[in-house]
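A.B. asks: Questions regarding the structure given below will be posed in turn.
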Amino acid sequence: MKKHILIVPGDGIGQEVTAVGKQVLDKIAAKFNHDFTYDEALIGHVAIEATGNPLPDETLVKMKASDAILFGAVGHPKYDNDPTAKVRPEQGLLKMRKELGLYANIRPIKLFDELLGASSIKPEILKGADILFFRELTGDIYFGEKGRKNNGDTAFDVAEYSRFEVERIARKAFDAAMTRGKKLMSVDKANVIETSRLWREVVQKVALEYPEVEVTHQFVDSCAMMLIKDPKQFDVVVTANLFGDILTDEASQIAGSMGMLASASIGDGTGVYEPIHGSAHDITGKGVANPLASILSAALLLDISFGLKAESELVISTVDKVLKEGYRTRDIADATTPADKILGTVAMGAEVLKFL
Ligand code: NAD
Ligand code: IPM
Ligand code: MN
């Protein structure tokens, strides 16, 4: 298969982990006789430094021309600590999602059995947890009008959803539920928020097309509680942009670490595959970032954008094998991990490549 992949590492540990994700794609291409070509493009802080723009036109053109995108992360402490900065790395990420029409962000919460001890949740509560989140990605409070009034003393962000936007993400989630446990939880705050009331109304309507799927509607506050209390009860979850952002960082603790969670952003155009974590300033440059989220994002890319199921499954089972061998990065190590099994980013990548 001949495909063109754009590598967009972005900032911080995005650079470190995406390099490993790309190596895995390369190894798969060699092993299965695929012809993958690559290009690289700037986004985020590195793009602002080079061009003044967090998503340069050149990057967008390359994105639209590629078959899939492996993405790292954006963000820099400079902007996090300066709320008045007008140009910000995150604007590049949001514009990319909007421009590519990436309305569905799929975040699998997969717990590898070997990592039962890595979580702060008790193993007996965790074992068997397997959740698939559908986070709406191009609407909500992220993309509504925002600004200041009263001479800057009052700020506002408008949350907006249209029927059509809710319907299309709901269908994606229902379709996925049909291929899994046929359970779907829609998460909202319909007791308070008007966009949530529209959300619930639309999901109830779409549900009529899927009589086999057992649907529940949960308020976001109680869903946050249930994720920790009993993560095994979940199958597919569909929710709005902001709720999905927060709940999936919480759910990363079910999988052991932020460094384990991959995601696929899909919709109208080229698919983007990226870890759910950010640029992680606290560990940038130390060589300790867990590359498995980027590797698992590469697996999602192979499966969803290229339809290469066997290749994708091989990547996932290889990650499993490396964990079974006892190798860990610092974030997923526990008190029983021998020091010589705790690896850095590059060495962990090398183990995966070795077993592939
Ligand atoms: P973060 O996800 O970068 O980090 C949160 C914590 O998880 C940190 O302690 C970090 O060290 C740890 N962590 C994250 N990924 C890890 C990995 N692969 N291996 C080991 N540990 C890992 O979130 P944050 O600190 O709130 O944000 C830092 C910056 O990243 C901010 O500028 C933010 O805007 C940006 N951000 C970007 C994205 C994205 O590009 N998709 C996502 C989240 C945050
Ligand atoms: C994510 C991030 C982004 C989001 C930020 C950096 C804009 O947290 O990809 O989860 O909120 O969507
Ligand atoms: Mn996030």
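The chains in the structure tokens are called A, B, ... from first to last as shown; in each chain the residues are counted from 1, and the ligands are counted from 1 in the order shown.
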Pick out the residues no farther than 8 Å from ligand 3, counting only C-alpha atoms and all ligand atoms, and list them as a ChimeraX atom specification.

C.D. replies: /A:245-246,248-249,276-278

A.B. asks: Please identify the residues whose atoms come within 9 Å of ligand 1, using only C-alpha atoms and all ligand atoms, and report them as a PyMOL selection string.

C.D. replies: chain A and resi 10-14+17+44+71-80+89-90+93+245+249+257-261+274-284+288-294+329-332+345

A.B. asks: Quick one: write out the picked residues with N, CA and C atoms as a short mmCIF file (atom, residue, chain, number, x, y, z; two decimals), in the first residue's frame?

C.D. replies:
data_model
loop_
_atom_site.label_atom_id
_atom_site.label_comp_id
_atom_site.auth_asym_id
_atom_site.auth_seq_id
_atom_site.Cartn_x
_atom_site.Cartn_y
_atom_site.Cartn_z
N GLY A 10 5.13 19.06 16.82
CA GLY A 10 4.73 20.16 17.70
C GLY A 10 5.77 20.47 18.75
N ASP A 11 5.32 20.58 20.00
CA ASP A 11 6.17 21.11 21.07
C ASP A 11 6.49 20.09 22.16
N GLY A 12 7.49 20.44 22.97
CA GLY A 12 7.80 19.68 24.18
C GLY A 12 8.01 18.20 23.90
N ILE A 13 7.39 17.35 24.71
CA ILE A 13 7.58 15.91 24.51
C ILE A 13 6.89 15.42 23.23
N GLY A 14 6.08 16.28 22.61
CA GLY A 14 5.51 15.93 21.29
C GLY A 14 6.63 15.53 20.34
N VAL A 17 8.15 11.93 21.54
CA VAL A 17 7.35 10.70 21.38
C VAL A 17 6.95 10.46 19.93
N GLY A 44 2.12 24.97 16.57
CA GLY A 44 2.30 25.33 17.98
C GLY A 44 3.39 26.35 18.21
N PHE A 71 0.45 13.20 15.00
CA PHE A 71 0.58 14.48 15.69
C PHE A 71 1.18 14.27 17.07
N GLY A 72 1.93 15.28 17.56
CA GLY A 72 2.51 15.16 18.90
C GLY A 72 1.69 15.91 19.93
N ALA A 73 2.09 17.15 20.20
CA ALA A 73 1.37 18.00 21.17
C ALA A 73 1.80 19.44 20.93
N VAL A 74 1.00 20.37 21.44
CA VAL A 74 1.40 21.78 21.39
C VAL A 74 1.34 22.36 22.80
N GLY A 75 2.10 23.41 23.01
CA GLY A 75 2.05 24.10 24.30
C GLY A 75 3.43 24.47 24.78
N HIS A 76 3.49 25.61 25.51
CA HIS A 76 4.77 26.09 26.04
C HIS A 76 4.47 26.90 27.30
N PRO A 77 5.30 26.76 28.33
CA PRO A 77 5.02 27.46 29.59
C PRO A 77 4.90 28.97 29.44
N LYS A 78 5.63 29.49 28.43
CA LYS A 78 5.60 30.92 28.17
C LYS A 78 4.16 31.45 28.05
N TYR A 79 3.31 30.69 27.35
CA TYR A 79 1.93 31.14 27.13
C TYR A 79 1.04 30.73 28.30
N ASP A 80 1.32 29.53 28.85
CA ASP A 80 0.50 29.09 29.99
C ASP A 80 0.57 30.12 31.12
N PRO A 89 0.02 28.69 21.11
CA PRO A 89 0.21 27.40 20.42
C PRO A 89 -1.09 26.63 20.22
N GLU A 90 -1.96 26.64 21.26
CA GLU A 90 -3.19 25.85 21.21
C GLU A 90 -4.11 26.29 20.08
N LEU A 93 -3.71 24.05 17.11
CA LEU A 93 -4.38 22.76 17.24
C LEU A 93 -5.88 22.89 16.95
N ASP A 245 -12.90 16.35 27.09
CA ASP A 245 -11.51 16.70 27.39
C ASP A 245 -11.19 16.34 28.83
N ASP A 249 -8.93 12.78 30.50
CA ASP A 249 -7.72 12.90 31.34
C ASP A 249 -7.96 12.14 32.65
N SER A 257 -1.71 5.78 33.03
CA SER A 257 -0.96 7.02 32.83
C SER A 257 -1.46 7.76 31.60
N MET A 258 -1.27 9.06 31.61
CA MET A 258 -1.51 9.87 30.41
C MET A 258 -0.66 9.37 29.24
N GLY A 259 0.47 8.81 29.57
CA GLY A 259 1.40 8.34 28.54
C GLY A 259 0.94 7.07 27.83
N MET A 260 -0.23 6.55 28.21
CA MET A 260 -0.75 5.33 27.58
C MET A 260 -1.91 5.60 26.62
N LEU A 261 -2.47 6.82 26.64
CA LEU A 261 -3.72 7.03 25.91
C LEU A 261 -3.54 7.67 24.54
N GLU A 274 -3.11 11.21 17.61
CA GLU A 274 -2.26 11.87 18.61
C GLU A 274 -2.53 11.34 20.01
N PRO A 275 -1.48 11.34 20.85
CA PRO A 275 -1.70 11.04 22.27
C PRO A 275 -2.67 12.06 22.84
N ILE A 276 -3.38 11.72 23.93
CA ILE A 276 -4.27 12.72 24.52
C ILE A 276 -3.49 13.70 25.39
N HIS A 277 -2.25 13.35 25.72
CA HIS A 277 -1.49 14.23 26.62
C HIS A 277 -0.95 15.46 25.89
N GLY A 278 -0.42 16.37 26.66
CA GLY A 278 0.11 17.59 26.10
C GLY A 278 1.63 17.57 25.98
N SER A 279 2.22 18.77 25.98
CA SER A 279 3.65 18.88 25.73
C SER A 279 4.47 18.65 27.00
N ALA A 280 3.78 18.49 28.14
CA ALA A 280 4.42 18.06 29.40
C ALA A 280 5.73 18.78 29.70
N HIS A 281 5.61 20.09 29.99
CA HIS A 281 6.82 20.90 30.25
C HIS A 281 7.67 20.31 31.37
N ASP A 282 7.01 19.69 32.34
CA ASP A 282 7.75 19.20 33.52
C ASP A 282 8.75 18.10 33.18
N ILE A 283 8.55 17.40 32.05
CA ILE A 283 9.52 16.33 31.71
C ILE A 283 10.17 16.54 30.34
N THR A 284 9.87 17.66 29.70
CA THR A 284 10.45 17.93 28.37
C THR A 284 11.98 17.94 28.43
N VAL A 288 12.38 11.00 29.29
CA VAL A 288 11.65 9.99 30.08
C VAL A 288 10.19 9.83 29.66
N ALA A 289 9.74 10.63 28.69
CA ALA A 289 8.32 10.57 28.30
C ALA A 289 7.97 9.19 27.77
N ASN A 290 6.79 8.74 28.11
CA ASN A 290 6.31 7.44 27.65
C ASN A 290 5.88 7.56 26.17
N PRO A 291 6.52 6.80 25.28
CA PRO A 291 6.17 6.91 23.86
C PRO A 291 5.01 6.00 23.45
N LEU A 292 4.46 5.23 24.41
CA LEU A 292 3.45 4.22 24.02
C LEU A 292 2.16 4.86 23.51
N ALA A 293 1.80 6.05 24.03
CA ALA A 293 0.59 6.71 23.52
C ALA A 293 0.77 7.09 22.05
N SER A 294 1.97 7.51 21.68
CA SER A 294 2.21 7.85 20.28
C SER A 294 2.24 6.57 19.42
N THR A 329 8.20 2.67 31.31
CA THR A 329 8.73 4.02 31.49
C THR A 329 8.38 4.44 32.91
N ARG A 330 8.96 5.54 33.35
CA ARG A 330 8.83 5.94 34.74
C ARG A 330 7.38 6.11 35.20
N ASP A 331 6.55 6.65 34.29
CA ASP A 331 5.16 6.95 34.65
C ASP A 331 4.31 5.71 34.90
N ILE A 332 4.73 4.55 34.37
CA ILE A 332 3.93 3.33 34.55
C ILE A 332 4.66 2.29 35.39
N THR A 345 12.44 7.22 26.86
CA THR A 345 11.60 7.26 25.65
C THR A 345 12.20 6.43 24.51
#

A.B. asks: Let me make sure I understand: among A:Ile342, A:Ala159, A:Ile28, A:Ile7, which one has the smallest atom-to-atom distance to A:Ser312 if we use only C-alpha atoms?

C.D. replies: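 Among A:Ile342, A:Ala159, A:Ile28, A:Ile7, it is A:Ile28 that comes nearest to A:Ser312.
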
A.B. asks: Taking only C-alpha atoms into account, name the residue in A:Asp188, A:Lys62, A:Lys3, A:Phe32 that is nearest to A:Ala310.

C.D. replies: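 Answer, going by the shortest atom-to-atom distance: A:Phe32.
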
A.B. asks: So that I can check the surroundings of A:Gly92, please list as a PDB file with N, CA and C atoms, in the first residue's frame every protein, DNA and RNA residue that reaches within 9 Å of it, counting only C-alpha atoms and ignoring chain neighbours fewer than 3 positions away.

C.D. replies:
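Generated output (part_19.pdb):
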ATOM      1  N   ILE A  43       3.807  23.169  13.945  1.00  0.00           N
ATOM      2  CA  ILE A  43       2.581  23.664  14.577  1.00  0.00           C
ATOM      3  C   ILE A  43       2.933  24.098  16.001  1.00  0.00           C
ATOM      4  N   GLY A  44       2.122  24.975  16.566  1.00  0.00           N
ATOM      5  CA  GLY A  44       2.296  25.328  17.978  1.00  0.00           C
ATOM      6  C   GLY A  44       3.393  26.353  18.208  1.00  0.00           C
ATOM      7  N   HIS A  45       4.065  26.216  19.351  1.00  0.00           N
ATOM      8  CA  HIS A  45       5.109  27.171  19.729  1.00  0.00           C
ATOM      9  C   HIS A  45       6.244  27.189  18.704  1.00  0.00           C
ATOM     10  N   ALA A  47       6.105  26.653  15.623  1.00  0.00           N
ATOM     11  CA  ALA A  47       5.642  27.342  14.410  1.00  0.00           C
ATOM     12  C   ALA A  47       5.575  28.850  14.644  1.00  0.00           C
ATOM     13  N   ASN A  53       3.047  32.294  13.308  1.00  0.00           N
ATOM     14  CA  ASN A  53       1.704  31.730  13.177  1.00  0.00           C
ATOM     15  C   ASN A  53       1.672  30.303  13.756  1.00  0.00           C
ATOM     16  N   PRO A  54       0.746  29.994  14.685  1.00  0.00           N
ATOM     17  CA  PRO A  54       0.737  28.641  15.273  1.00  0.00           C
ATOM     18  C   PRO A  54       0.309  27.545  14.285  1.00  0.00           C
ATOM     19  N   LEU A  55      -0.365  27.930  13.199  1.00  0.00           N
ATOM     20  CA  LEU A  55      -0.676  26.951  12.140  1.00  0.00           C
ATOM     21  C   LEU A  55      -0.395  27.615  10.791  1.00  0.00           C
ATOM     22  N   PRO A  56       0.873  27.576  10.365  1.00  0.00           N
ATOM     23  CA  PRO A  56       1.233  28.245   9.107  1.00  0.00           C
ATOM     24  C   PRO A  56       0.463  27.644   7.920  1.00  0.00           C
ATOM     25  N   VAL A  74       1.003  20.366  21.439  1.00  0.00           N
ATOM     26  CA  VAL A  74       1.400  21.775  21.394  1.00  0.00           C
ATOM     27  C   VAL A  74       1.342  22.358  22.797  1.00  0.00           C
ATOM     28  N   ARG A  88      -1.215  32.024  20.500  1.00  0.00           N
ATOM     29  CA  ARG A  88      -0.951  30.923  21.422  1.00  0.00           C
ATOM     30  C   ARG A  88      -0.847  29.599  20.650  1.00  0.00           C
ATOM     31  N   PRO A  89       0.023  28.689  21.114  1.00  0.00           N
ATOM     32  CA  PRO A  89       0.207  27.403  20.419  1.00  0.00           C
ATOM     33  C   PRO A  89      -1.092  26.631  20.222  1.00  0.00           C
ATOM     34  N   LYS A  95      -7.421  25.272  15.290  1.00  0.00           N
ATOM     35  CA  LYS A  95      -7.674  25.634  13.889  1.00  0.00           C
ATOM     36  C   LYS A  95      -7.518  24.398  12.995  1.00  0.00           C
ATOM     37  N   MET A  96      -6.518  23.574  13.298  1.00  0.00           N
ATOM     38  CA  MET A  96      -6.339  22.341  12.523  1.00  0.00           C
ATOM     39  C   MET A  96      -7.599  21.480  12.594  1.00  0.00           C
ATOM     40  N   ARG A  97      -8.141  21.318  13.811  1.00  0.00           N
ATOM     41  CA  ARG A  97      -9.340  20.478  13.987  1.00  0.00           C
ATOM     42  C   ARG A  97     -10.501  21.041  13.181  1.00  0.00           C
TER      43      ARG A  97
END

A.B. asks: What are the DSSP alpha helix (DSSP H) residues of stretch 67-205 of chain A, as a PDB file with N, CA and C atoms, in the first residue's frame?

C.D. replies:
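Done, and the output landed in out37.pdb:
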ATOM      1  N   PRO A  77       5.299  26.765  28.332  1.00  0.00           N
ATOM      2  CA  PRO A  77       5.024  27.456  29.593  1.00  0.00           C
ATOM      3  C   PRO A  77       4.905  28.969  29.439  1.00  0.00           C
ATOM      4  N   LYS A  78       5.631  29.487  28.435  1.00  0.00           N
ATOM      5  CA  LYS A  78       5.597  30.923  28.170  1.00  0.00           C
ATOM      6  C   LYS A  78       4.155  31.447  28.051  1.00  0.00           C
ATOM      7  N   TYR A  79       3.314  30.692  27.347  1.00  0.00           N
ATOM      8  CA  TYR A  79       1.928  31.139  27.128  1.00  0.00           C
ATOM      9  C   TYR A  79       1.037  30.731  28.295  1.00  0.00           C
ATOM     10  N   ASP A  80       1.317  29.528  28.852  1.00  0.00           N
ATOM     11  CA  ASP A  80       0.502  29.086  29.995  1.00  0.00           C
ATOM     12  C   ASP A  80       0.573  30.117  31.117  1.00  0.00           C
ATOM     13  N   PRO A  89       0.023  28.689  21.114  1.00  0.00           N
ATOM     14  CA  PRO A  89       0.207  27.403  20.419  1.00  0.00           C
ATOM     15  C   PRO A  89      -1.092  26.631  20.222  1.00  0.00           C
ATOM     16  N   GLU A  90      -1.955  26.645  21.258  1.00  0.00           N
ATOM     17  CA  GLU A  90      -3.189  25.854  21.208  1.00  0.00           C
ATOM     18  C   GLU A  90      -4.110  26.295  20.080  1.00  0.00           C
ATOM     19  N   GLN A  91      -3.994  27.584  19.655  1.00  0.00           N
ATOM     20  CA  GLN A  91      -4.827  28.059  18.537  1.00  0.00           C
ATOM     21  C   GLN A  91      -4.533  27.249  17.273  1.00  0.00           C
ATOM     22  N   GLY A  92      -3.292  26.806  17.134  1.00  0.00           N
ATOM     23  CA  GLY A  92      -2.922  26.010  15.958  1.00  0.00           C
ATOM     24  C   GLY A  92      -3.645  24.672  15.942  1.00  0.00           C
ATOM     25  N   LEU A  93      -3.708  24.053  17.111  1.00  0.00           N
ATOM     26  CA  LEU A  93      -4.379  22.757  17.237  1.00  0.00           C
ATOM     27  C   LEU A  93      -5.876  22.888  16.954  1.00  0.00           C
ATOM     28  N   LEU A  94      -6.490  23.921  17.535  1.00  0.00           N
ATOM     29  CA  LEU A  94      -7.936  24.109  17.365  1.00  0.00           C
ATOM     30  C   LEU A  94      -8.269  24.443  15.908  1.00  0.00           C
ATOM     31  N   LYS A  95      -7.421  25.272  15.290  1.00  0.00           N
ATOM     32  CA  LYS A  95      -7.674  25.634  13.889  1.00  0.00           C
ATOM     33  C   LYS A  95      -7.518  24.398  12.995  1.00  0.00           C
ATOM     34  N   MET A  96      -6.518  23.574  13.298  1.00  0.00           N
ATOM     35  CA  MET A  96      -6.339  22.341  12.523  1.00  0.00           C
ATOM     36  C   MET A  96      -7.599  21.480  12.594  1.00  0.00           C
ATOM     37  N   ARG A  97      -8.141  21.318  13.811  1.00  0.00           N
ATOM     38  CA  ARG A  97      -9.340  20.478  13.987  1.00  0.00           C
ATOM     39  C   ARG A  97     -10.501  21.041  13.181  1.00  0.00           C
ATOM     40  N   LYS A  98     -10.662  22.366  13.210  1.00  0.00           N
ATOM     41  CA  LYS A  98     -11.764  23.001  12.492  1.00  0.00           C
ATOM     42  C   LYS A  98     -11.551  22.887  10.973  1.00  0.00           C
ATOM     43  N   GLU A  99     -10.347  23.221  10.528  1.00  0.00           N
ATOM     44  CA  GLU A  99     -10.065  23.239   9.081  1.00  0.00           C
ATOM     45  C   GLU A  99     -10.174  21.848   8.459  1.00  0.00           C
ATOM     46  N   PRO A 123      -6.674  -2.702  41.918  1.00  0.00           N
ATOM     47  CA  PRO A 123      -6.705  -3.628  40.781  1.00  0.00           C
ATOM     48  C   PRO A 123      -8.052  -4.329  40.598  1.00  0.00           C
ATOM     49  N   GLU A 124      -8.695  -4.724  41.695  1.00  0.00           N
ATOM     50  CA  GLU A 124      -9.960  -5.458  41.542  1.00  0.00           C
ATOM     51  C   GLU A 124     -11.075  -4.565  40.991  1.00  0.00           C
ATOM     52  N   ILE A 125     -10.958  -3.272  41.170  1.00  0.00           N
ATOM     53  CA  ILE A 125     -11.937  -2.330  40.610  1.00  0.00           C
ATOM     54  C   ILE A 125     -11.664  -2.141  39.117  1.00  0.00           C
ATOM     55  N   LEU A 126     -10.375  -2.210  38.771  1.00  0.00           N
ATOM     56  CA  LEU A 126      -9.941  -1.875  37.414  1.00  0.00           C
ATOM     57  C   LEU A 126     -10.022  -3.015  36.402  1.00  0.00           C
ATOM     58  N   ARG A 163     -28.103  20.945  16.098  1.00  0.00           N
ATOM     59  CA  ARG A 163     -28.658  19.599  16.019  1.00  0.00           C
ATOM     60  C   ARG A 163     -27.762  18.679  15.173  1.00  0.00           C
ATOM     61  N   PHE A 164     -27.346  19.208  14.036  1.00  0.00           N
ATOM     62  CA  PHE A 164     -26.531  18.445  13.101  1.00  0.00           C
ATOM     63  C   PHE A 164     -25.203  17.988  13.719  1.00  0.00           C
ATOM     64  N   GLU A 165     -24.598  18.894  14.491  1.00  0.00           N
ATOM     65  CA  GLU A 165     -23.309  18.545  15.107  1.00  0.00           C
ATOM     66  C   GLU A 165     -23.463  17.417  16.132  1.00  0.00           C
ATOM     67  N   VAL A 166     -24.553  17.450  16.868  1.00  0.00           N
ATOM     68  CA  VAL A 166     -24.764  16.412  17.893  1.00  0.00           C
ATOM     69  C   VAL A 166     -25.107  15.085  17.212  1.00  0.00           C
ATOM     70  N   GLU A 167     -25.931  15.197  16.183  1.00  0.00           N
ATOM     71  CA  GLU A 167     -26.387  13.994  15.483  1.00  0.00           C
ATOM     72  C   GLU A 167     -25.235  13.185  14.897  1.00  0.00           C
ATOM     73  N   ARG A 168     -24.280  13.873  14.257  1.00  0.00           N
ATOM     74  CA  ARG A 168     -23.220  13.124  13.569  1.00  0.00           C
ATOM     75  C   ARG A 168     -22.265  12.455  14.547  1.00  0.00           C
ATOM     76  N   ILE A 169     -21.977  13.092  15.688  1.00  0.00           N
ATOM     77  CA  ILE A 169     -21.092  12.429  16.655  1.00  0.00           C
ATOM     78  C   ILE A 169     -21.856  11.300  17.361  1.00  0.00           C
ATOM     79  N   ALA A 170     -23.158  11.513  17.583  1.00  0.00           N
ATOM     80  CA  ALA A 170     -23.958  10.463  18.219  1.00  0.00           C
ATOM     81  C   ALA A 170     -23.983   9.221  17.329  1.00  0.00           C
ATOM     82  N   ARG A 171     -24.195   9.413  16.032  1.00  0.00           N
ATOM     83  CA  ARG A 171     -24.229   8.257  15.114  1.00  0.00           C
ATOM     84  C   ARG A 171     -22.924   7.484  15.153  1.00  0.00           C
ATOM     85  N   LYS A 172     -21.803   8.227  15.157  1.00  0.00           N
ATOM     86  CA  LYS A 172     -20.489   7.554  15.211  1.00  0.00           C
ATOM     87  C   LYS A 172     -20.399   6.688  16.480  1.00  0.00           C
ATOM     88  N   ALA A 173     -20.870   7.234  17.594  1.00  0.00           N
ATOM     89  CA  ALA A 173     -20.778   6.510  18.861  1.00  0.00           C
ATOM     90  C   ALA A 173     -21.712   5.296  18.868  1.00  0.00           C
ATOM     91  N   PHE A 174     -22.916   5.473  18.354  1.00  0.00           N
ATOM     92  CA  PHE A 174     -23.859   4.347  18.285  1.00  0.00           C
ATOM     93  C   PHE A 174     -23.304   3.242  17.369  1.00  0.00           C
ATOM     94  N   ASP A 175     -22.753   3.645  16.220  1.00  0.00           N
ATOM     95  CA  ASP A 175     -22.179   2.649  15.303  1.00  0.00           C
ATOM     96  C   ASP A 175     -21.098   1.838  16.022  1.00  0.00           C
ATOM     97  N   ALA A 176     -20.270   2.530  16.798  1.00  0.00           N
ATOM     98  CA  ALA A 176     -19.204   1.829  17.526  1.00  0.00           C
ATOM     99  C   ALA A 176     -19.796   0.907  18.590  1.00  0.00           C
ATOM    100  N   ALA A 177     -20.832   1.383  19.278  1.00  0.00           N
ATOM    101  CA  ALA A 177     -21.461   0.563  20.328  1.00  0.00           C
ATOM    102  C   ALA A 177     -21.989  -0.743  19.731  1.00  0.00           C
ATOM    103  N   MET A 178     -22.503  -0.673  18.511  1.00  0.00           N
ATOM    104  CA  MET A 178     -23.033  -1.879  17.851  1.00  0.00           C
ATOM    105  C   MET A 178     -21.951  -2.931  17.624  1.00  0.00           C
ATOM    106  N   GLU A 194     -28.291  24.660  28.345  1.00  0.00           N
ATOM    107  CA  GLU A 194     -29.201  24.549  27.208  1.00  0.00           C
ATOM    108  C   GLU A 194     -28.609  23.681  26.079  1.00  0.00           C
ATOM    109  N   THR A 195     -27.302  23.847  25.791  1.00  0.00           N
ATOM    110  CA  THR A 195     -26.696  22.999  24.748  1.00  0.00           C
ATOM    111  C   THR A 195     -26.808  21.526  25.140  1.00  0.00           C
ATOM    112  N   SER A 196     -26.756  21.238  26.446  1.00  0.00           N
ATOM    113  CA  SER A 196     -26.888  19.862  26.919  1.00  0.00           C
ATOM    114  C   SER A 196     -28.314  19.348  26.729  1.00  0.00           C
ATOM    115  N   ARG A 197     -29.288  20.269  26.846  1.00  0.00           N
ATOM    116  CA  ARG A 197     -30.682  19.825  26.647  1.00  0.00           C
ATOM    117  C   ARG A 197     -30.900  19.467  25.175  1.00  0.00           C
ATOM    118  N   LEU A 198     -30.312  20.262  24.276  1.00  0.00           N
ATOM    119  CA  LEU A 198     -30.389  19.913  22.858  1.00  0.00           C
ATOM    120  C   LEU A 198     -29.661  18.587  22.629  1.00  0.00           C
ATOM    121  N   TRP A 199     -28.508  18.451  23.249  1.00  0.00           N
ATOM    122  CA  TRP A 199     -27.688  17.230  23.130  1.00  0.00           C
ATOM    123  C   TRP A 199     -28.523  16.000  23.496  1.00  0.00           C
ATOM    124  N   ARG A 200     -29.184  16.076  24.654  1.00  0.00           N
ATOM    125  CA  ARG A 200     -29.943  14.928  25.144  1.00  0.00           C
ATOM    126  C   ARG A 200     -31.129  14.623  24.212  1.00  0.00           C
ATOM    127  N   GLU A 201     -31.767  15.694  23.756  1.00  0.00           N
ATOM    128  CA  GLU A 201     -32.913  15.535  22.851  1.00  0.00           C
ATOM    129  C   GLU A 201     -32.472  14.811  21.564  1.00  0.00           C
ATOM    130  N   VAL A 202     -31.349  15.240  21.014  1.00  0.00           N
ATOM    131  CA  VAL A 202     -30.876  14.651  19.755  1.00  0.00           C
ATOM    132  C   VAL A 202     -30.429  13.202  19.973  1.00  0.00           C
ATOM    133  N   VAL A 203     -29.710  12.951  21.071  1.00  0.00           N
ATOM    134  CA  VAL A 203     -29.235  11.583  21.319  1.00  0.00           C
ATOM    135  C   VAL A 203     -30.432  10.638  21.522  1.00  0.00           C
ATOM    136  N   GLN A 204     -31.449  11.121  22.227  1.00  0.00           N
ATOM    137  CA  GLN A 204     -32.666  10.294  22.404  1.00  0.00           C
ATOM    138  C   GLN A 204     -33.278   9.937  21.053  1.00  0.00           C
ATOM    139  N   LYS A 205     -33.255  10.873  20.139  1.00  0.00           N
ATOM    140  CA  LYS A 205     -33.845  10.657  18.817  1.00  0.00           C
ATOM    141  C   LYS A 205     -33.012   9.664  17.989  1.00  0.00           C
TER     142      LYS A 205
END
